[in-house]
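One structure is given below, encoded as structure tokens.
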Amino acid sequence: MASAAAPSPLPVASLSARRSAMAPRLIAAGSYPKTPRLSRRRKLSTGDAPRYRLRAVASSSKADPVEERDPVAPVPDVPAPAAPSPPAEAQPQVSTGIWKWRGYNIRYQHAGTSGPALVLIHGFGANSDHWRKNIPVLAMANRVYAIDLIGYGYSDKPNPREIEDNFYTFETWGEQLNTFCAEVVKSEAFFICNSIGGLVGLQAAVMEPQKCKGIVLLDISLRMLHIKKQPWFGKPFIKSFQNLLRNTVVGKLFFNAVATPESVKNILCQCYHDTSAVTDELVQIILQPGLDPGAVDVFLEFICYSGGPLPEELLPLVKCPVLVAWGEKDPWEPVELGRAYASFDAVEDFVVLPDVGHCPQDEAPELVNPLVESFVKRHS
């Protein structure tokens, strides 16, 4: 993982208040069927909902000239009584399944029985539990699936040294995703992706365009360590470093130093702007599958994977609509660099998510869920 100094978190109360104000505004501004097309470089704005107050006014009457009365005290403003809230609709139950692919066990989660199909694709080192704040909400109007890519989460982790060369690639994961849509989802689907999951979604859409109705990219990985993005004099150093990690004890020592609750929490606090979202539950969600046998080999294989496609190479080939959303405070994938993706024809909108880091679906689901719902409704 890339390293960066942990940003100074804003007070939780201020972030919560700001996001609470943004959520209804986002829904209003993002109701695509009823509003003009959004600006590609629109930045989500906040706004206070209008307040309505009921003023109680004392009626005047002529006083009896003989009778003296005390002056009537003014009646203060009182808030209007709140309208009764409709009963909250129960969220669908989230179930876990195991799917066989190429002889390997693949864990996935699903919820919802009707509506368009959504497949949620996690980022590096994560798994489908990273979408726990999104699956039940999105499943109220959609059929939602979240998959553990092979090598991650609770899916099998075949040793890359014992199988075919270059197994853990975006082409492999793209094939896995398309086969999952054919055999489990059994329909075309929207791909909702975070970080390297965005490369998986794009790769799958390029390989089999008929499977994908649209893609939402949340802070897609820029792949800054890709060999094509290195200066000529740095390329030999990168290859040497990768060999050191793969073929010596250094790699396992590095992994053992990272795979601890303290290290995982520190890494998450770097990429989450609101560090109050980095809970013990989240740390265990990321850490626990990483302790499985084989996880270290997959980890080292991927951080040494400096080839394969770049987002800017895949986006021109995509035939479906793409929405790009980016955490304003992402320290790993800077929004200033991400804005370049707004220029591709397939990208219909680029949305900046204020005060959010690299994993907006978990840090700010109140912003991401309505954005996804509006995009899906618009293209269904």
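Chain lettering (A, B, ...) mirrors the order of the structure tokens, residue numbering begins at 1 for each chain separately, and ligand numbering begins at 1 in order of display.
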All helix (DSSP H, G or I) positions in segment 114-295 of chain A, as an MDAnalysis selection string:
chainID A and resid 128:131 135:138 170:185 196:207 209:211 227:229 235:247 249:258 261:271 275:277 280:291 295
Straight-line distance linking atom CA of His130 of chain A with atom CA of Gly151 of chain A, stated in Å to one decimal:
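Going from atom CA of His130 of chain A over to atom CA of Gly151 of chain A covers 15.6 Å.
Note that the spacing between atom CA of Glu333 of chain A and atom CA of Gly197 of chain A amounts to 13.8 Å.
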Env of Phe302 of chain A: 10 Å cut, atoms = only C-alpha atoms, seq-sep filter 2 positions within chain, self excluded. Answer as a ChimeraX atom specification.
/A:124-125,151,166-169,297-300,304-306
As a PDB file with C-alpha atoms, in the first residue's frame, please: the residues near Ala90 of chain A (cut-off 10 Å, only C-alpha atoms, same-chain neighbours under 4 positions excluded).
```
ATOM      1  CA  PRO A 136     -28.996  -3.474   2.627  1.00  0.00           C
ATOM      2  CA  VAL A 137     -29.768   0.109   1.608  1.00  0.00           C
ATOM      3  CA  MET A 140     -34.384  -1.971  -1.067  1.00  0.00           C
TER       4      MET A 140
END
```
Within 12 Å of segment 92-97 of chain A, which residues of segment 114-228 of chain A show up? Give each one with its shortest atom-to-atom distance in Å (one decimal) and the two atoms involved, counting only C-alpha atoms, rows by chain then rising residue number, as a tab-separated table.
```
residue	atom	partner	partner_atom	distance
A:Ser114	CA	A:Pro92	CA	11.0
A:Ser128	CA	A:Thr96	CA	10.1
A:Asp129	CA	A:Thr96	CA	10.6
A:Trp131	CA	A:Val94	CA	11.2
A:Arg132	CA	A:Val94	CA	9.1
A:Lys133	CA	A:Val94	CA	11.2
A:Asn134	CA	A:Val94	CA	10.8
A:Ile135	CA	A:Val94	CA	7.5
A:Pro136	CA	A:Pro92	CA	5.8
A:Val137	CA	A:Pro92	CA	8.1
A:Leu138	CA	A:Pro92	CA	9.4
A:Ala139	CA	A:Pro92	CA	6.4
A:Met140	CA	A:Pro92	CA	6.4
A:Ala141	CA	A:Pro92	CA	9.7
A:Asn142	CA	A:Pro92	CA	10.2
A:Arg143	CA	A:Pro92	CA	10.1
A:Val144	CA	A:Val94	CA	9.2
A:Tyr145	CA	A:Val94	CA	9.5
A:Ala146	CA	A:Thr96	CA	9.4
A:Ile147	CA	A:Gly97	CA	9.6
A:Asp148	CA	A:Gly97	CA	10.7
A:Tyr154	CA	A:Gly97	CA	10.8
A:Ser155	CA	A:Gly97	CA	10.7
A:Val184	CA	A:Gly97	CA	10.0
```
Quick one: write out the picked residues with N, CA and C atoms as a PDB file, in the first residue's frame?
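Result file follows (out-v2.pdb):
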```pdb
ATOM      1  N   SER A 114     -35.753  -7.949  -6.325  1.00  0.00           N
ATOM      2  CA  SER A 114     -36.292  -7.359  -7.549  1.00  0.00           C
ATOM      3  C   SER A 114     -35.502  -6.112  -7.904  1.00  0.00           C
ATOM      4  N   SER A 128     -15.924  -8.198   0.557  1.00  0.00           N
ATOM      5  CA  SER A 128     -17.308  -7.740   0.401  1.00  0.00           C
ATOM      6  C   SER A 128     -17.891  -7.122   1.667  1.00  0.00           C
ATOM      7  N   ASP A 129     -17.304  -7.412   2.841  1.00  0.00           N
ATOM      8  CA  ASP A 129     -17.784  -6.782   4.074  1.00  0.00           C
ATOM      9  C   ASP A 129     -17.543  -5.271   4.085  1.00  0.00           C
ATOM     10  N   TRP A 131     -18.625  -3.362   2.069  1.00  0.00           N
ATOM     11  CA  TRP A 131     -19.862  -2.779   1.542  1.00  0.00           C
ATOM     12  C   TRP A 131     -21.029  -2.997   2.496  1.00  0.00           C
ATOM     13  N   ARG A 132     -20.757  -3.293   3.767  1.00  0.00           N
ATOM     14  CA  ARG A 132     -21.837  -3.638   4.697  1.00  0.00           C
ATOM     15  C   ARG A 132     -22.807  -2.479   4.922  1.00  0.00           C
ATOM     16  N   LYS A 133     -22.347  -1.227   4.714  1.00  0.00           N
ATOM     17  CA  LYS A 133     -23.214  -0.062   4.896  1.00  0.00           C
ATOM     18  C   LYS A 133     -23.995   0.278   3.627  1.00  0.00           C
ATOM     19  N   ASN A 134     -23.753  -0.455   2.565  1.00  0.00           N
ATOM     20  CA  ASN A 134     -24.379  -0.155   1.278  1.00  0.00           C
ATOM     21  C   ASN A 134     -25.339  -1.250   0.819  1.00  0.00           C
ATOM     22  N   ILE A 135     -24.976  -2.511   1.073  1.00  0.00           N
ATOM     23  CA  ILE A 135     -25.772  -3.630   0.540  1.00  0.00           C
ATOM     24  C   ILE A 135     -27.239  -3.544   0.959  1.00  0.00           C
ATOM     25  N   PRO A 136     -27.569  -3.456   2.259  1.00  0.00           N
ATOM     26  CA  PRO A 136     -28.996  -3.474   2.627  1.00  0.00           C
ATOM     27  C   PRO A 136     -29.764  -2.255   2.149  1.00  0.00           C
ATOM     28  N   VAL A 137     -29.091  -1.115   2.073  1.00  0.00           N
ATOM     29  CA  VAL A 137     -29.768   0.109   1.608  1.00  0.00           C
ATOM     30  C   VAL A 137     -30.064   0.019   0.119  1.00  0.00           C
ATOM     31  N   LEU A 138     -29.063  -0.334  -0.670  1.00  0.00           N
ATOM     32  CA  LEU A 138     -29.241  -0.428  -2.112  1.00  0.00           C
ATOM     33  C   LEU A 138     -30.195  -1.561  -2.486  1.00  0.00           C
ATOM     34  N   ALA A 139     -30.291  -2.581  -1.642  1.00  0.00           N
ATOM     35  CA  ALA A 139     -31.139  -3.737  -1.928  1.00  0.00           C
ATOM     36  C   ALA A 139     -32.620  -3.454  -1.734  1.00  0.00           C
ATOM     37  N   MET A 140     -32.968  -2.297  -1.228  1.00  0.00           N
ATOM     38  CA  MET A 140     -34.384  -1.971  -1.067  1.00  0.00           C
ATOM     39  C   MET A 140     -35.063  -1.765  -2.419  1.00  0.00           C
ATOM     40  N   ALA A 141     -34.270  -1.441  -3.447  1.00  0.00           N
ATOM     41  CA  ALA A 141     -34.855  -1.240  -4.781  1.00  0.00           C
ATOM     42  C   ALA A 141     -34.089  -1.999  -5.864  1.00  0.00           C
ATOM     43  N   ASN A 142     -33.098  -2.789  -5.470  1.00  0.00           N
ATOM     44  CA  ASN A 142     -32.248  -3.474  -6.446  1.00  0.00           C
ATOM     45  C   ASN A 142     -31.884  -4.869  -5.950  1.00  0.00           C
ATOM     46  N   ARG A 143     -31.392  -5.688  -6.871  1.00  0.00           N
ATOM     47  CA  ARG A 143     -30.779  -6.970  -6.506  1.00  0.00           C
ATOM     48  C   ARG A 143     -29.282  -6.717  -6.371  1.00  0.00           C
ATOM     49  N   VAL A 144     -28.756  -6.856  -5.179  1.00  0.00           N
ATOM     50  CA  VAL A 144     -27.389  -6.437  -4.890  1.00  0.00           C
ATOM     51  C   VAL A 144     -26.516  -7.649  -4.567  1.00  0.00           C
ATOM     52  N   TYR A 145     -25.349  -7.683  -5.192  1.00  0.00           N
ATOM     53  CA  TYR A 145     -24.361  -8.735  -4.950  1.00  0.00           C
ATOM     54  C   TYR A 145     -23.024  -8.059  -4.649  1.00  0.00           C
ATOM     55  N   ALA A 146     -22.294  -8.604  -3.694  1.00  0.00           N
ATOM     56  CA  ALA A 146     -20.936  -8.137  -3.395  1.00  0.00           C
ATOM     57  C   ALA A 146     -20.035  -9.365  -3.364  1.00  0.00           C
ATOM     58  N   ILE A 147     -18.963  -9.332  -4.117  1.00  0.00           N
ATOM     59  CA  ILE A 147     -18.131 -10.509  -4.322  1.00  0.00           C
ATOM     60  C   ILE A 147     -16.758 -10.326  -3.684  1.00  0.00           C
ATOM     61  N   ASP A 148     -16.202 -11.413  -3.164  1.00  0.00           N
ATOM     62  CA  ASP A 148     -14.796 -11.434  -2.755  1.00  0.00           C
ATOM     63  C   ASP A 148     -13.976 -11.905  -3.956  1.00  0.00           C
ATOM     64  N   TYR A 154     -12.834 -13.985   1.965  1.00  0.00           N
ATOM     65  CA  TYR A 154     -13.016 -15.388   2.323  1.00  0.00           C
ATOM     66  C   TYR A 154     -13.134 -16.285   1.096  1.00  0.00           C
ATOM     67  N   SER A 155     -12.695 -15.763  -0.060  1.00  0.00           N
ATOM     68  CA  SER A 155     -12.543 -16.615  -1.240  1.00  0.00           C
ATOM     69  C   SER A 155     -11.214 -17.364  -1.132  1.00  0.00           C
ATOM     70  N   VAL A 184     -24.395 -16.556 -11.523  1.00  0.00           N
ATOM     71  CA  VAL A 184     -25.061 -16.255 -10.253  1.00  0.00           C
ATOM     72  C   VAL A 184     -26.099 -15.148 -10.416  1.00  0.00           C
TER      73      VAL A 184
END
```
Pick out the residues sitting within 8 Å of Pro331 of chain A, and hand them over as an mmCIF file with N, CA, C and O atoms, in the first residue's frame; count only C-alpha atoms, and ignore anything fewer than 6 positions along from it in its own chain.
```
data_model
loop_
_atom_site.group_PDB
_atom_site.id
_atom_site.type_symbol
_atom_site.label_atom_id
_atom_site.label_comp_id
_atom_site.auth_asym_id
_atom_site.auth_seq_id
_atom_site.Cartn_x
_atom_site.Cartn_y
_atom_site.Cartn_z
ATOM 1 N N ALA A 4 1.167 7.502 3.411
ATOM 2 C CA ALA A 4 0.979 8.948 3.467
ATOM 3 C C ALA A 4 0.728 9.318 4.897
ATOM 4 O O ALA A 4 0.235 8.519 5.674
ATOM 5 N N GLN A 270 -4.880 6.643 7.630
ATOM 6 C CA GLN A 270 -4.289 7.453 6.571
ATOM 7 C C GLN A 270 -5.292 7.710 5.452
ATOM 8 O O GLN A 270 -5.388 8.827 4.940
ATOM 9 N N CYS A 271 -6.040 6.673 5.067
ATOM 10 C CA CYS A 271 -6.889 6.826 3.881
ATOM 11 C C CYS A 271 -8.313 7.245 4.201
ATOM 12 O O CYS A 271 -9.054 7.617 3.291
ATOM 13 N N GLY A 357 -12.314 10.466 2.281
ATOM 14 C CA GLY A 357 -11.043 9.910 1.855
ATOM 15 C C GLY A 357 -11.179 8.884 0.749
ATOM 16 O O GLY A 357 -12.015 9.018 -0.150
ATOM 17 N N HIS A 358 -10.369 7.806 0.828
ATOM 18 C CA HIS A 358 -10.216 6.862 -0.274
ATOM 19 C C HIS A 358 -11.341 5.836 -0.372
ATOM 20 O O HIS A 358 -11.521 5.226 -1.436
#
```
